[in-house]
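Enquirer: So here's coords_31.csv, just CSV, C-alpha atoms:
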chain,number,residue,atom,x,y,z
A,1,TYR,CA,191.7,-15.0,-87.6
A,2,ASP,CA,193.3,-12.2,-89.5
A,3,ALA,CA,196.4,-10.0,-89.6
A,4,LYS,CA,195.1,-7.8,-86.8
A,5,ALA,CA,196.5,-10.4,-84.4
A,6,PHE,CA,200.0,-9.3,-85.5
A,7,ARG,CA,199.3,-5.6,-84.8
A,8,LYS,CA,198.1,-6.4,-81.4
A,9,ILE,CA,201.1,-8.6,-80.5
A,10,PHE,CA,203.8,-6.4,-82.2
A,11,PRO,CA,202.4,-2.9,-82.3
A,12,LYS,CA,205.8,-1.3,-82.6
A,13,LYS,CA,207.5,-3.8,-84.8
A,14,LYS,CA,208.2,-2.7,-88.3
A,15,ILE,CA,206.9,-5.6,-90.4
A,16,ASN,CA,204.3,-6.0,-93.1
A,17,TYR,CA,201.6,-7.8,-91.0
A,18,GLU,CA,199.5,-8.8,-93.9
A,19,LYS,CA,202.5,-10.3,-95.8
A,20,GLU,CA,203.7,-12.1,-92.7
A,21,PHE,CA,200.3,-13.5,-91.9
A,22,HIS,CA,199.9,-14.9,-95.4
A,23,ARG,CA,203.4,-16.2,-95.4
A,24,LEU,CA,202.5,-18.4,-92.4
A,25,LEU,CA,199.4,-19.6,-94.1
A,26,HIS,CA,201.2,-20.2,-97.4
A,27,THR,CA,200.6,-23.6,-98.9
A,28,PHE,CA,202.6,-25.8,-101.2
A,29,GLU,CA,202.3,-24.7,-104.9
A,30,TYR,CA,202.5,-27.2,-107.7
A,31,SER,CA,201.6,-27.4,-111.4
A,32,LYS,CA,199.8,-30.8,-111.1
A,33,HIS,CA,198.1,-32.8,-108.4
A,34,ILE,CA,197.2,-36.5,-108.5
A,35,ARG,CA,195.1,-38.4,-105.9
A,36,ASP,CA,195.5,-42.1,-106.1
A,37,ASP,CA,194.6,-45.2,-104.1
A,38,SER,CA,196.5,-47.9,-106.0
A,39,LYS,CA,198.4,-50.6,-104.1
A,40,TYR,CA,201.8,-49.2,-105.4
A,41,ILE,CA,202.9,-45.9,-106.8
A,42,ASP,CA,202.5,-45.8,-110.6
A,43,ILE,CA,205.9,-44.6,-111.8
A,44,ASP,CA,204.4,-43.4,-115.1
A,45,LYS,CA,202.3,-40.8,-113.2
A,46,ILE,CA,205.4,-39.1,-111.7
A,47,ARG,CA,207.8,-39.4,-114.6
A,48,GLY,CA,209.0,-36.2,-116.4
A,49,TYR,CA,208.7,-33.7,-113.5
A,50,ASP,CA,211.5,-31.6,-112.1
A,51,THR,CA,210.0,-31.3,-108.6
A,52,ILE,CA,208.1,-34.2,-107.1
A,53,ALA,CA,206.3,-34.4,-103.7
A,54,LEU,CA,205.1,-37.9,-102.7
A,55,ARG,CA,202.5,-38.0,-99.9
A,56,CYS,CA,202.0,-41.7,-99.4
A,57,HIS,CA,201.4,-44.1,-96.6
A,58,THR,CA,203.7,-47.0,-95.7
A,59,GLY,CA,203.9,-50.0,-98.0
A,60,VAL,CA,203.2,-48.4,-101.4
A,61,GLY,CA,206.8,-48.3,-102.5
A,62,LYS,CA,207.9,-44.6,-102.1
A,63,THR,CA,211.6,-45.4,-101.8
A,64,TYR,CA,211.8,-48.2,-104.3
A,65,THR,CA,209.8,-46.3,-106.9
A,66,THR,CA,212.0,-43.2,-106.4
A,67,ALA,CA,215.1,-45.3,-106.8
A,68,LYS,CA,213.7,-46.8,-110.1
A,69,LEU,CA,212.8,-43.4,-111.4
A,70,LEU,CA,216.3,-41.9,-110.6
A,71,LYS,CA,217.9,-45.0,-112.2
A,72,GLU,CA,216.4,-44.1,-115.5
A,73,SER,CA,218.8,-41.1,-115.9
A,74,ASN,CA,222.5,-41.1,-115.9
A,75,ASP,CA,222.6,-38.3,-113.4
A,76,LYS,CA,224.2,-38.8,-110.0
A,77,VAL,CA,221.9,-38.9,-106.9
A,78,PHE,CA,222.4,-37.3,-103.5
A,79,ILE,CA,220.1,-38.5,-100.7
A,80,ILE,CA,219.5,-36.7,-97.4
A,81,THR,CA,218.2,-38.7,-94.4
A,82,SER,CA,217.2,-37.8,-90.9
A,83,LEU,CA,218.5,-40.9,-89.1
A,84,GLN,CA,221.2,-43.5,-89.4
A,85,THR,CA,218.7,-46.3,-89.7
A,86,THR,CA,217.2,-44.5,-92.8
A,87,SER,CA,220.6,-44.5,-94.5
A,88,SER,CA,221.0,-48.3,-94.1
A,89,GLU,CA,217.6,-49.0,-95.5
A,90,MET,CA,218.2,-46.6,-98.3
A,91,VAL,CA,221.2,-48.6,-99.5
A,92,LYS,CA,219.0,-51.7,-99.7
A,93,ALA,CA,216.3,-50.0,-101.7
A,94,PHE,CA,218.6,-48.5,-104.3
A,95,VAL,CA,220.5,-51.8,-104.7
A,96,ASN,CA,217.1,-53.6,-105.2
A,97,ALA,CA,216.2,-50.9,-107.8
A,98,GLY,CA,219.2,-51.9,-110.0
A,99,TYR,CA,222.2,-49.9,-108.6
A,100,LYS,CA,225.4,-51.9,-107.9
A,101,ARG,CA,226.4,-51.8,-104.2
A,102,SER,CA,229.8,-50.4,-105.3
A,103,GLU,CA,227.9,-47.5,-106.9
A,104,VAL,CA,226.3,-46.4,-103.6
A,105,GLY,CA,228.2,-44.4,-101.0
A,106,ASN,CA,226.9,-44.3,-97.4
A,107,TYR,CA,228.3,-41.8,-94.9
A,108,LEU,CA,228.1,-44.5,-92.2
A,109,ASP,CA,230.7,-46.5,-94.0
A,110,LYS,CA,232.7,-43.3,-94.8
A,111,GLU,CA,232.2,-44.0,-98.5
A,112,LEU,CA,231.0,-40.6,-99.8
A,113,ASP,CA,232.7,-40.1,-103.1
A,114,VAL,CA,231.9,-37.7,-106.0
A,115,ASN,CA,232.6,-40.6,-108.4
A,116,LYS,CA,229.8,-42.8,-107.0
A,117,LYS,CA,226.4,-42.8,-108.6
A,118,VAL,CA,224.6,-42.5,-105.3
A,119,ASN,CA,225.7,-40.8,-102.1
A,120,ILE,CA,223.6,-41.0,-98.9
A,121,CYS,CA,224.2,-38.6,-96.0
A,122,SER,CA,222.3,-37.6,-92.9
A,123,LEU,CA,221.4,-33.9,-92.4
A,124,ASN,CA,223.6,-33.9,-89.3
A,125,SER,CA,226.6,-35.0,-91.2
A,126,LEU,CA,226.3,-32.7,-94.3
A,127,PRO,CA,228.8,-30.2,-92.9
A,128,LYS,CA,231.4,-32.9,-92.5
A,129,HIS,CA,231.2,-33.8,-96.1
A,130,TYR,CA,230.8,-30.3,-97.5
A,131,LYS,CA,233.6,-30.9,-100.1
A,132,VAL,CA,231.8,-33.8,-101.7
A,133,VAL,CA,228.5,-31.9,-101.5
A,134,ASN,CA,229.9,-28.8,-103.2
A,135,GLU,CA,231.5,-30.8,-105.9
A,136,LEU,CA,228.2,-32.6,-106.7
A,137,ILE,CA,226.3,-29.3,-106.7
A,138,LYS,CA,228.7,-27.9,-109.3
A,139,GLU,CA,228.5,-31.0,-111.4
A,140,GLY,CA,224.7,-31.3,-111.2
A,141,VAL,CA,222.8,-33.9,-109.2
A,142,ASN,CA,219.4,-35.3,-108.5
A,143,VAL,CA,218.3,-34.9,-104.9
A,144,PHE,CA,216.0,-37.2,-102.8
A,145,ILE,CA,214.9,-36.3,-99.3
A,146,ASP,CA,212.9,-39.1,-97.6
A,147,GLU,CA,210.9,-38.5,-94.4
A,148,PHE,CA,210.9,-34.9,-95.4
A,149,ASN,CA,208.9,-33.7,-92.4
A,150,SER,CA,211.5,-35.1,-90.0
A,151,VAL,CA,214.4,-33.6,-91.9
A,152,THR,CA,212.9,-30.1,-91.9
A,153,ARG,CA,211.9,-30.3,-88.3
A,154,TYR,CA,215.4,-31.5,-87.4
A,155,ILE,CA,216.6,-28.1,-88.6
A,156,LEU,CA,214.9,-26.6,-85.5
A,157,SER,CA,216.3,-29.2,-83.1
A,158,GLU,CA,218.9,-28.1,-80.6
A,159,THR,CA,220.7,-31.5,-81.1
A,160,LEU,CA,221.6,-30.6,-84.7
A,161,LYS,CA,225.2,-29.7,-84.8
A,162,ASP,CA,226.4,-26.8,-87.0
A,163,ARG,CA,222.8,-26.0,-87.9
A,164,ASN,CA,223.6,-23.1,-90.2
A,165,SER,CA,225.9,-25.0,-92.4
A,166,ALA,CA,223.6,-28.0,-92.6
A,167,TYR,CA,220.7,-25.8,-93.6
A,168,ARG,CA,222.7,-23.9,-96.1
A,169,LEU,CA,224.0,-27.1,-97.8
A,170,MET,CA,220.5,-28.7,-97.9
A,171,THR,CA,218.9,-25.6,-99.3
A,172,GLU,CA,221.5,-25.3,-102.0
A,173,LEU,CA,221.1,-28.9,-102.9
A,174,MET,CA,217.3,-28.4,-103.2
A,175,MET,CA,217.7,-25.2,-105.2
A,176,LYS,CA,220.2,-26.5,-107.7
A,177,ALA,CA,219.1,-30.1,-108.1
A,178,LYS,CA,218.3,-31.2,-111.6
A,179,LYS,CA,215.4,-33.2,-110.1
A,180,LEU,CA,214.1,-32.9,-106.5
A,181,ILE,CA,212.0,-35.6,-104.9
A,182,VAL,CA,210.7,-35.2,-101.3
A,183,SER,CA,208.5,-37.8,-99.6
A,184,ASP,CA,206.7,-38.7,-96.4
A,185,ALA,CA,203.6,-40.5,-95.2
A,186,HIS,CA,202.2,-37.2,-94.0
A,187,LEU,CA,203.8,-34.4,-95.9
A,188,LEU,CA,202.9,-31.1,-94.1
A,189,ASP,CA,202.3,-27.9,-96.1
A,190,SER,CA,204.5,-26.1,-93.6
A,191,CYS,CA,207.4,-28.3,-94.6
A,192,LEU,CA,206.6,-28.3,-98.3
A,193,CYS,CA,206.7,-24.5,-98.3
A,194,GLN,CA,210.5,-24.9,-98.1
A,195,VAL,CA,210.4,-26.5,-101.5
A,196,THR,CA,208.2,-23.7,-103.0
A,197,LYS,CA,210.7,-21.0,-101.8
A,198,VAL,CA,213.7,-22.5,-103.6
A,199,ARG,CA,212.3,-24.2,-106.6
A,200,ASP,CA,210.7,-23.2,-109.9
A,201,MET,CA,207.4,-25.0,-109.5
A,202,ASN,CA,206.3,-24.7,-113.2
A,203,ASN,CA,207.1,-28.4,-113.7
A,204,SER,CA,206.1,-30.0,-110.4
A,205,ILE,CA,203.7,-32.6,-109.2
A,206,HIS,CA,202.1,-33.4,-105.8
A,207,TYR,CA,201.3,-37.1,-105.8
A,208,CYS,CA,199.0,-38.2,-103.0
A,209,ASN,CA,198.3,-41.9,-102.5
A,210,LEU,CA,195.4,-42.4,-100.1
A,211,ARG,CA,195.5,-46.2,-99.8
A,212,LYS,CA,195.3,-47.5,-96.3
A,213,ASN,CA,197.3,-50.5,-95.6
A,214,ARG,CA,196.3,-51.1,-92.0
A,215,GLU,CA,192.6,-52.0,-92.5
A,216,GLY,CA,191.4,-55.0,-90.4
A,217,VAL,CA,194.1,-54.6,-87.7
A,218,ASP,CA,192.7,-54.6,-84.2
A,219,MET,CA,194.0,-51.7,-82.1
A,220,ILE,CA,193.8,-51.6,-78.3
A,221,ILE,CA,194.7,-48.3,-76.6
A,222,HIS,CA,195.2,-47.9,-72.9
A,223,ASN,CA,195.0,-44.1,-72.2
A,224,TYR,CA,195.0,-43.8,-68.4
A,225,ARG,CA,197.6,-43.2,-65.7
A,226,ASP,CA,198.6,-46.9,-65.1
A,227,ALA,CA,198.6,-47.8,-68.8
A,228,GLU,CA,202.4,-48.4,-68.9
A,229,LYS,CA,202.2,-50.9,-66.0
A,230,VAL,CA,199.3,-52.7,-67.6
A,231,VAL,CA,200.9,-53.1,-71.0
A,232,LEU,CA,204.3,-54.1,-69.4
A,233,ALA,CA,202.4,-56.9,-67.6
A,234,HIS,CA,200.8,-58.0,-70.8
A,235,ILE,CA,204.3,-58.1,-72.5
A,236,GLU,CA,205.7,-60.1,-69.6
A,237,ASP,CA,202.9,-62.7,-70.1
A,238,TYR,CA,203.1,-62.8,-73.9
A,239,LYS,CA,205.2,-65.8,-74.9
A,240,GLU,CA,205.7,-65.3,-78.7
A,241,PRO,CA,208.3,-63.3,-80.5
A,242,THR,CA,207.0,-59.8,-81.2
A,243,VAL,CA,207.9,-56.2,-81.8
A,244,ILE,CA,207.8,-53.6,-79.0
A,245,CYS,CA,208.6,-49.9,-79.5
A,246,SER,CA,208.7,-46.9,-77.2
A,247,ASP,CA,209.3,-43.2,-77.5
A,248,THR,CA,211.8,-43.4,-74.6
A,249,ARG,CA,215.1,-45.3,-74.2
A,250,ALA,CA,214.3,-46.0,-70.5
A,251,VAL,CA,211.1,-47.9,-71.3
A,252,ALA,CA,212.7,-49.8,-74.2
A,253,SER,CA,215.5,-50.9,-71.8
A,254,LYS,CA,213.0,-51.9,-69.2
A,255,VAL,CA,211.1,-54.1,-71.6
A,256,SER,CA,214.3,-55.7,-72.7
A,257,GLN,CA,215.2,-56.5,-69.1
A,258,ILE,CA,211.8,-58.0,-68.4
A,259,LEU,CA,212.2,-60.3,-71.3
A,260,ARG,CA,215.7,-61.3,-70.3
A,261,ASP,CA,214.7,-61.9,-66.7
A,262,ARG,CA,212.1,-64.5,-67.8
A,263,GLY,CA,214.8,-66.3,-69.7
A,264,GLU,CA,214.4,-65.0,-73.2
A,265,GLU,CA,217.8,-65.0,-75.1
A,266,ASN,CA,216.7,-63.9,-78.5
A,267,VAL,CA,216.1,-60.2,-77.7
A,268,LYS,CA,217.2,-57.5,-80.1
A,269,LEU,CA,217.4,-54.1,-78.4
A,270,PHE,CA,217.9,-50.8,-80.3
A,271,THR,CA,218.5,-47.7,-78.3
A,272,ARG,CA,221.1,-44.9,-78.6
A,273,ASN,CA,223.8,-47.1,-77.1
A,274,ASP,CA,222.5,-50.6,-78.2
A,275,GLY,CA,222.0,-52.4,-81.4
A,276,ASN,CA,223.7,-52.4,-84.8
A,277,VAL,CA,221.7,-50.5,-87.4
A,278,LYS,CA,223.3,-52.5,-90.2
A,279,GLU,CA,221.1,-55.4,-89.1
A,280,LEU,CA,218.1,-53.5,-90.4
A,281,ILE,CA,219.2,-54.0,-94.0
A,282,ASN,CA,218.2,-57.7,-93.8
A,283,CYS,CA,215.8,-57.3,-90.9
A,284,ASP,CA,213.4,-60.1,-91.9
A,285,GLU,CA,216.3,-62.6,-91.8
A,286,ASN,CA,218.1,-61.1,-88.8
A,287,PHE,CA,215.0,-60.7,-86.6
A,288,ALA,CA,213.3,-64.0,-87.2
A,289,GLU,CA,212.3,-65.7,-84.0
A,290,HIS,CA,213.5,-62.7,-82.0
A,291,TYR,CA,211.9,-60.1,-79.7
A,292,VAL,CA,212.6,-56.8,-81.3
A,293,VAL,CA,212.6,-53.8,-78.9
A,294,TYR,CA,213.5,-50.3,-79.9
A,295,SER,CA,213.5,-46.7,-78.8
A,296,PRO,CA,213.3,-43.7,-81.3
A,297,LYS,CA,216.6,-44.9,-82.6
A,298,ILE,CA,214.3,-46.7,-85.0
A,299,THR,CA,211.4,-44.4,-86.1
A,300,PHE,CA,211.7,-44.8,-89.9
A,301,ALA,CA,213.3,-47.0,-92.5
A,302,MET,CA,212.7,-50.5,-91.1
A,303,ASP,CA,210.3,-52.6,-93.1
A,304,LEU,CA,209.8,-55.8,-91.1
A,305,ASN,CA,207.5,-58.2,-92.9
A,306,ILE,CA,207.6,-61.1,-90.4
A,307,PRO,CA,204.0,-62.0,-89.5
A,308,TYR,CA,203.1,-61.3,-85.9
A,309,LYS,CA,199.8,-62.0,-84.0
A,310,LYS,CA,200.4,-58.9,-81.7
A,311,VAL,CA,202.8,-56.1,-81.4
A,312,PHE,CA,203.1,-53.5,-78.6
A,313,ALA,CA,203.9,-49.8,-78.2
A,314,ILE,CA,204.4,-47.7,-75.1
A,315,PHE,CA,204.4,-43.9,-75.7
A,316,MET,CA,205.2,-41.6,-72.7
A,317,GLY,CA,204.5,-38.5,-74.8
A,318,LYS,CA,207.9,-36.9,-74.1
A,319,THR,CA,209.9,-37.2,-77.3
A,320,LEU,CA,207.8,-38.0,-80.4
A,321,ASP,CA,204.9,-36.2,-82.0
A,322,ALA,CA,201.8,-38.0,-83.2
A,323,HIS,CA,203.1,-38.5,-86.7
A,324,SER,CA,206.4,-40.0,-85.5
A,325,MET,CA,204.5,-42.3,-83.1
A,326,ILE,CA,202.5,-43.7,-86.0
A,327,GLN,CA,205.7,-44.2,-88.0
A,328,GLN,CA,207.5,-45.9,-85.2
A,329,ALA,CA,204.6,-48.2,-84.4
A,330,THR,CA,204.2,-49.4,-88.0
A,331,ARG,CA,207.7,-50.6,-88.7
A,332,ALA,CA,206.3,-54.1,-88.5
A,333,ARG,CA,204.2,-54.4,-91.6
A,334,ASN,CA,202.3,-57.7,-91.0
A,335,TYR,CA,200.4,-58.1,-87.7
A,336,GLU,CA,196.9,-58.9,-86.6
A,337,SER,CA,196.7,-56.5,-83.6
A,338,ILE,CA,198.6,-53.8,-81.8
A,339,GLU,CA,198.3,-52.8,-78.1
A,340,ILE,CA,199.3,-49.3,-77.2
A,341,ALA,CA,199.9,-47.6,-73.8
A,342,MET,CA,199.6,-43.8,-73.6
A,343,PRO,CA,199.7,-42.9,-69.9
A,344,PHE,CA,200.2,-39.2,-70.7
A,345,TYR,CA,196.7,-39.0,-72.2
A,346,ASP,CA,194.2,-36.8,-70.2
A,347,SER,CA,190.6,-37.8,-71.0
A,348,HIS,CA,189.3,-34.6,-69.4
A,349,VAL,CA,188.2,-32.2,-72.2
A,350,GLU,CA,188.3,-28.5,-71.2
A,351,GLU,CA,185.7,-26.3,-72.7
A,352,LEU,CA,187.0,-22.9,-73.9
A,353,THR,CA,185.1,-19.8,-75.1
A,354,LEU,CA,186.0,-18.2,-78.4
A,355,GLU,CA,187.8,-15.4,-76.6
A,356,GLU,CA,189.9,-17.9,-74.7
A,357,HIS,CA,190.8,-19.6,-77.9
A,358,LYS,CA,191.8,-16.3,-79.4
A,359,ALA,CA,194.0,-15.5,-76.4
A,360,ASN,CA,195.7,-18.9,-76.6
A,361,GLU,CA,196.3,-18.4,-80.3
A,362,GLU,CA,197.9,-15.1,-79.8
A,363,ALA,CA,200.1,-16.4,-77.0
A,364,ASN,CA,201.2,-19.3,-79.2
A,365,LEU,CA,201.8,-17.1,-82.2
A,366,LYS,CA,204.0,-14.8,-80.1
A,367,ASP,CA,206.1,-17.7,-78.9
A,368,HIS,CA,206.4,-19.0,-82.5
A,369,LEU,CA,207.7,-15.7,-83.9
Kindly present the structure from the file in structure tokens form.
Expert:
Amino acid sequence: YDAKAFRKIFPKKKINYEKEFHRLLHTFEYSKHIRDDSKYIDIDKIRGYDTIALRCHTGVGKTYTTAKLLKESNDKVFIITSLQTTSSEMVKAFVNAGYKRSEVGNYLDKELDVNKKVNICSLNSLPKHYKVVNELIKEGVNVFIDEFNSVTRYILSETLKDRNSAYRLMTELMMKAKKLIVSDAHLLDSCLCQVTKVRDMNNSIHYCNLRKNREGVDMIIHNYRDAEKVVLAHIEDYKEPTVICSDTRAVASKVSQILRDRGEENVKLFTRNDGNVKELINCDENFAEHYVVYSPKITFAMDLNIPYKKVFAIFMGKTLDAHSMIQQATRARNYESIEIAMPFYDSHVEELTLEEHKANEEANLKDHL
């Protein structure tokens, strides 16, 4: 498809159609690209760069390696997260990498301080701490943005308060950072373009770790109308502690109630109104012998290494995209099988002609712009 689509949709709009078209197709630029399949990230391969993009699956040490790399310099660090749960896990990772707990400021504890070595803040709370942010920008700071796709998509969310201020502060941090590191399991070029726009990419690296850590795991997917009921019945019959996630609070609460009604007392429920995210810092210890049930309150930043025979997921298709579903369902790292309900799935495949595809593309493009 070419720039003619723009002329057809906006015949009277004064824009450079060719430039706009190529802007949308623009991909992430970098000076070096490494593809790797090692068990853990090799810190030597990413050392010495001013801008680093880490595209790595779970379990290869993105956060820990980043913390170790940043610890090598005496520069202060500012971390932007998308969720509260990410902030709690980030504290643990940086302490494990050698920082003292007193050196790490977490906005959840109201500890942001220009004198601390590390400050952690969610995108939503950046405007509240603008004084600290501006002081660190003037002083010079390294910036780390984990789950970068989610952070950049959050900018477009209607739930983000004071969106303009949050975006301005994040952009300024990225632009003026001594070292910028962004990471995600599935870094999208559309998100990485934000880096290209604000950074000098002459000393940059795109590190892609292709190792798959879920080989040998059995996956059972129920993709029909009654899938939710079927999997809920299986959960009710399952008598061992396990992990159950859902993309809706209502389903998570329903699962919790099913477990409690059959007499289970060790149930940890995490929804918008339930659960203490600080428990995630030592989740292996806190969740041992418990049923752990959570909504999108936990989508990232929990590494649960307790061994399970089976875990469950129920996705209604209303709140999370496919990438976030994968992230949420893999918070448990050590299980033999996973059973997933996807009642929103429609197995009927509609055949479209090329002209119909073009018409749909033009309609979607118009909505996007």
Enquirer: Can you work out the spacing between CA of Ile205 in chain A and CA of Tyr49 in chain A in Å, to one decimal?
Expert: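 Value for the CA of Ile205 in chain A-CA of Tyr49 in chain A distance: 6.7 Å.
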Enquirer: Excluding range 258-275 of chain A and any residue of its chain fewer than 3 positions from it, enumerate the residues within 8 Å of it, using all atoms listed in the file, and give them as a PDB file with C-alpha atoms, in the frame of the given file.
Expert:
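Contents of part29.pdb, freshly written:
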ATOM      1  CA  GLU A 236     205.700 -60.100 -69.600  1.00  0.00           C
ATOM      2  CA  ARG A 249     215.100 -45.300 -74.200  1.00  0.00           C
ATOM      3  CA  ALA A 252     212.700 -49.800 -74.200  1.00  0.00           C
ATOM      4  CA  SER A 253     215.500 -50.900 -71.800  1.00  0.00           C
ATOM      5  CA  LYS A 254     213.000 -51.900 -69.200  1.00  0.00           C
ATOM      6  CA  VAL A 255     211.100 -54.100 -71.600  1.00  0.00           C
ATOM      7  CA  PHE A 287     215.000 -60.700 -86.600  1.00  0.00           C
ATOM      8  CA  GLU A 289     212.300 -65.700 -84.000  1.00  0.00           C
ATOM      9  CA  HIS A 290     213.500 -62.700 -82.000  1.00  0.00           C
ATOM     10  CA  TYR A 291     211.900 -60.100 -79.700  1.00  0.00           C
ATOM     11  CA  VAL A 292     212.600 -56.800 -81.300  1.00  0.00           C
ATOM     12  CA  VAL A 293     212.600 -53.800 -78.900  1.00  0.00           C
ATOM     13  CA  TYR A 294     213.500 -50.300 -79.900  1.00  0.00           C
ATOM     14  CA  SER A 295     213.500 -46.700 -78.800  1.00  0.00           C
ATOM     15  CA  PRO A 296     213.300 -43.700 -81.300  1.00  0.00           C
ATOM     16  CA  LYS A 297     216.600 -44.900 -82.600  1.00  0.00           C
ATOM     17  CA  ILE A 298     214.300 -46.700 -85.000  1.00  0.00           C
TER      18      ILE A 298
END
Enquirer: Please identify all polymer residues within 9 Å of Gly105 in chain A, counting all atoms listed in the file, omitting same-chain residues fewer than 3 positions from it, and present them as a ChimeraX atom specification.
Expert: /A:91,101-102,108-113,116-121
Enquirer: Emit the selected residues as an mmCIF file, in the coordinates of the input, including C-alpha atoms.
Expert:
data_model
loop_
_atom_site.group_PDB
_atom_site.id
_atom_site.type_symbol
_atom_site.label_atom_id
_atom_site.label_comp_id
_atom_site.auth_asym_id
_atom_site.auth_seq_id
_atom_site.Cartn_x
_atom_site.Cartn_y
_atom_site.Cartn_z
ATOM 1 C CA VAL A 91 221.200 -48.600 -99.500
ATOM 2 C CA ARG A 101 226.400 -51.800 -104.200
ATOM 3 C CA SER A 102 229.800 -50.400 -105.300
ATOM 4 C CA LEU A 108 228.100 -44.500 -92.200
ATOM 5 C CA ASP A 109 230.700 -46.500 -94.000
ATOM 6 C CA LYS A 110 232.700 -43.300 -94.800
ATOM 7 C CA GLU A 111 232.200 -44.000 -98.500
ATOM 8 C CA LEU A 112 231.000 -40.600 -99.800
ATOM 9 C CA ASP A 113 232.700 -40.100 -103.100
ATOM 10 C CA LYS A 116 229.800 -42.800 -107.000
ATOM 11 C CA LYS A 117 226.400 -42.800 -108.600
ATOM 12 C CA VAL A 118 224.600 -42.500 -105.300
ATOM 13 C CA ASN A 119 225.700 -40.800 -102.100
ATOM 14 C CA ILE A 120 223.600 -41.000 -98.900
ATOM 15 C CA CYS A 121 224.200 -38.600 -96.000
#
Enquirer: Excluding Pro343 in chain A and its own-chain neighbours fewer than 2 positions away, which residues fall within 12 Å of it when counting all atoms listed in the file? Please give them as a list in words.
Expert: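 Contacts, in chain order: Ile221, His222, Asn223, Tyr224, Arg225, Asp226, Ala227, Glu228, Lys229, Val230, Val231, Ala313, Ile314, Phe315, Met316, Gly317, Lys318, Ile340, Ala341, Tyr345, Asp346 and Ser347 of chain A.
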Enquirer: Work out how far apart CA of Asn203 in chain A and CA of Leu187 in chain A are and give it in Å to one decimal.
Expert: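 It comes out at 19.1 Å.
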Enquirer: Using CA of Thr319 in chain A and CA of Thr152 in chain A as the two end points, give the distance in Å to one decimal.
Expert: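 According to the coordinates, CA of Thr319 in chain A and CA of Thr152 in chain A are separated by 16.5 Å.
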Enquirer: Would you list the contacts of Ala53 in chain A as a count of residues only, taking every protein, DNA or RNA residue within 12 Å and counting all atoms listed in the file, but skipping same-chain residues closer than 2 positions in sequence?
Expert: 46
Enquirer: So that I can see what lies close to Asp37 in chain A, please list as a list of chain:residue names the residues with an atom at most 10 Å from it, counting all atoms listed in the file and leaving out residues fewer than 2 positions away in the same chain.
Expert: A:Arg35, A:Lys39, A:Tyr40, A:Ile41, A:Cys56, A:Val60, A:Cys208, A:Asn209, A:Leu210, A:Arg211, A:Lys212
Enquirer: Would you export the selected residues with C-alpha atoms as a PDB file, keeping the file's coordinate frame, please?
Expert:
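Generated output (out26.pdb):
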ATOM      1  CA  ARG A  35     195.100 -38.400-105.900  1.00  0.00           C
ATOM      2  CA  LYS A  39     198.400 -50.600-104.100  1.00  0.00           C
ATOM      3  CA  TYR A  40     201.800 -49.200-105.400  1.00  0.00           C
ATOM      4  CA  ILE A  41     202.900 -45.900-106.800  1.00  0.00           C
ATOM      5  CA  CYS A  56     202.000 -41.700 -99.400  1.00  0.00           C
ATOM      6  CA  VAL A  60     203.200 -48.400-101.400  1.00  0.00           C
ATOM      7  CA  CYS A 208     199.000 -38.200-103.000  1.00  0.00           C
ATOM      8  CA  ASN A 209     198.300 -41.900-102.500  1.00  0.00           C
ATOM      9  CA  LEU A 210     195.400 -42.400-100.100  1.00  0.00           C
ATOM     10  CA  ARG A 211     195.500 -46.200 -99.800  1.00  0.00           C
ATOM     11  CA  LYS A 212     195.300 -47.500 -96.300  1.00  0.00           C
TER      12      LYS A 212
END
Enquirer: From the list A:Val104, A:Ile79, A:Val141, A:Leu126, which residue is nearest Thr63 in chain A when using only C-alpha atoms?
Expert: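 Closest to Thr63 in chain A of all the choices is A:Ile79.
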Enquirer: Pick out the closest residue to Glu279 in chain A from this set: A:Ile338, A:Leu304, A:His57, A:Asn360. Count all atoms listed in the file.
Expert: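 Of all the options, A:Leu304 lies closest to Glu279 in chain A.
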Enquirer: I need every residue sitting at most 12 Å from the point (218.8, -43.1, -90.4) (coordinates as in the file, only C-alpha atoms considered), written as a PyMOL selection string.
Expert: chain A and resi 79-91+106-108+120-125+145-147+150-151+276-278+280-281+296-302
Enquirer: From (210.8, -50.4, -109.2), in the file's coordinates, out to 9 Å: which residues are reached, counting all atoms listed in the file? Answer as a list of chain:residue names.
Expert: A:Ile43, A:Gly61, A:Thr63, A:Tyr64, A:Thr65, A:Thr66, A:Ala67, A:Lys68, A:Leu69, A:Asn96, A:Ala97, A:Gly98
Enquirer: Write the residues you've just listed into a file as an mmCIF file, in the frame of the given file, and include C-alpha atoms for each of them.
Expert:
data_model
loop_
_atom_site.group_PDB
_atom_site.id
_atom_site.type_symbol
_atom_site.label_atom_id
_atom_site.label_comp_id
_atom_site.auth_asym_id
_atom_site.auth_seq_id
_atom_site.Cartn_x
_atom_site.Cartn_y
_atom_site.Cartn_z
ATOM 1 C CA ILE A 43 205.900 -44.600 -111.800
ATOM 2 C CA GLY A 61 206.800 -48.300 -102.500
ATOM 3 C CA THR A 63 211.600 -45.400 -101.800
ATOM 4 C CA TYR A 64 211.800 -48.200 -104.300
ATOM 5 C CA THR A 65 209.800 -46.300 -106.900
ATOM 6 C CA THR A 66 212.000 -43.200 -106.400
ATOM 7 C CA ALA A 67 215.100 -45.300 -106.800
ATOM 8 C CA LYS A 68 213.700 -46.800 -110.100
ATOM 9 C CA LEU A 69 212.800 -43.400 -111.400
ATOM 10 C CA ASN A 96 217.100 -53.600 -105.200
ATOM 11 C CA ALA A 97 216.200 -50.900 -107.800
ATOM 12 C CA GLY A 98 219.200 -51.900 -110.000
#
Enquirer: With only C-alpha atoms as the atoms that count, which of A:Val95, A:Leu136, A:Leu320, A:Ile220 lies nearest to Asn115 in chain A?
Expert: A:Leu136
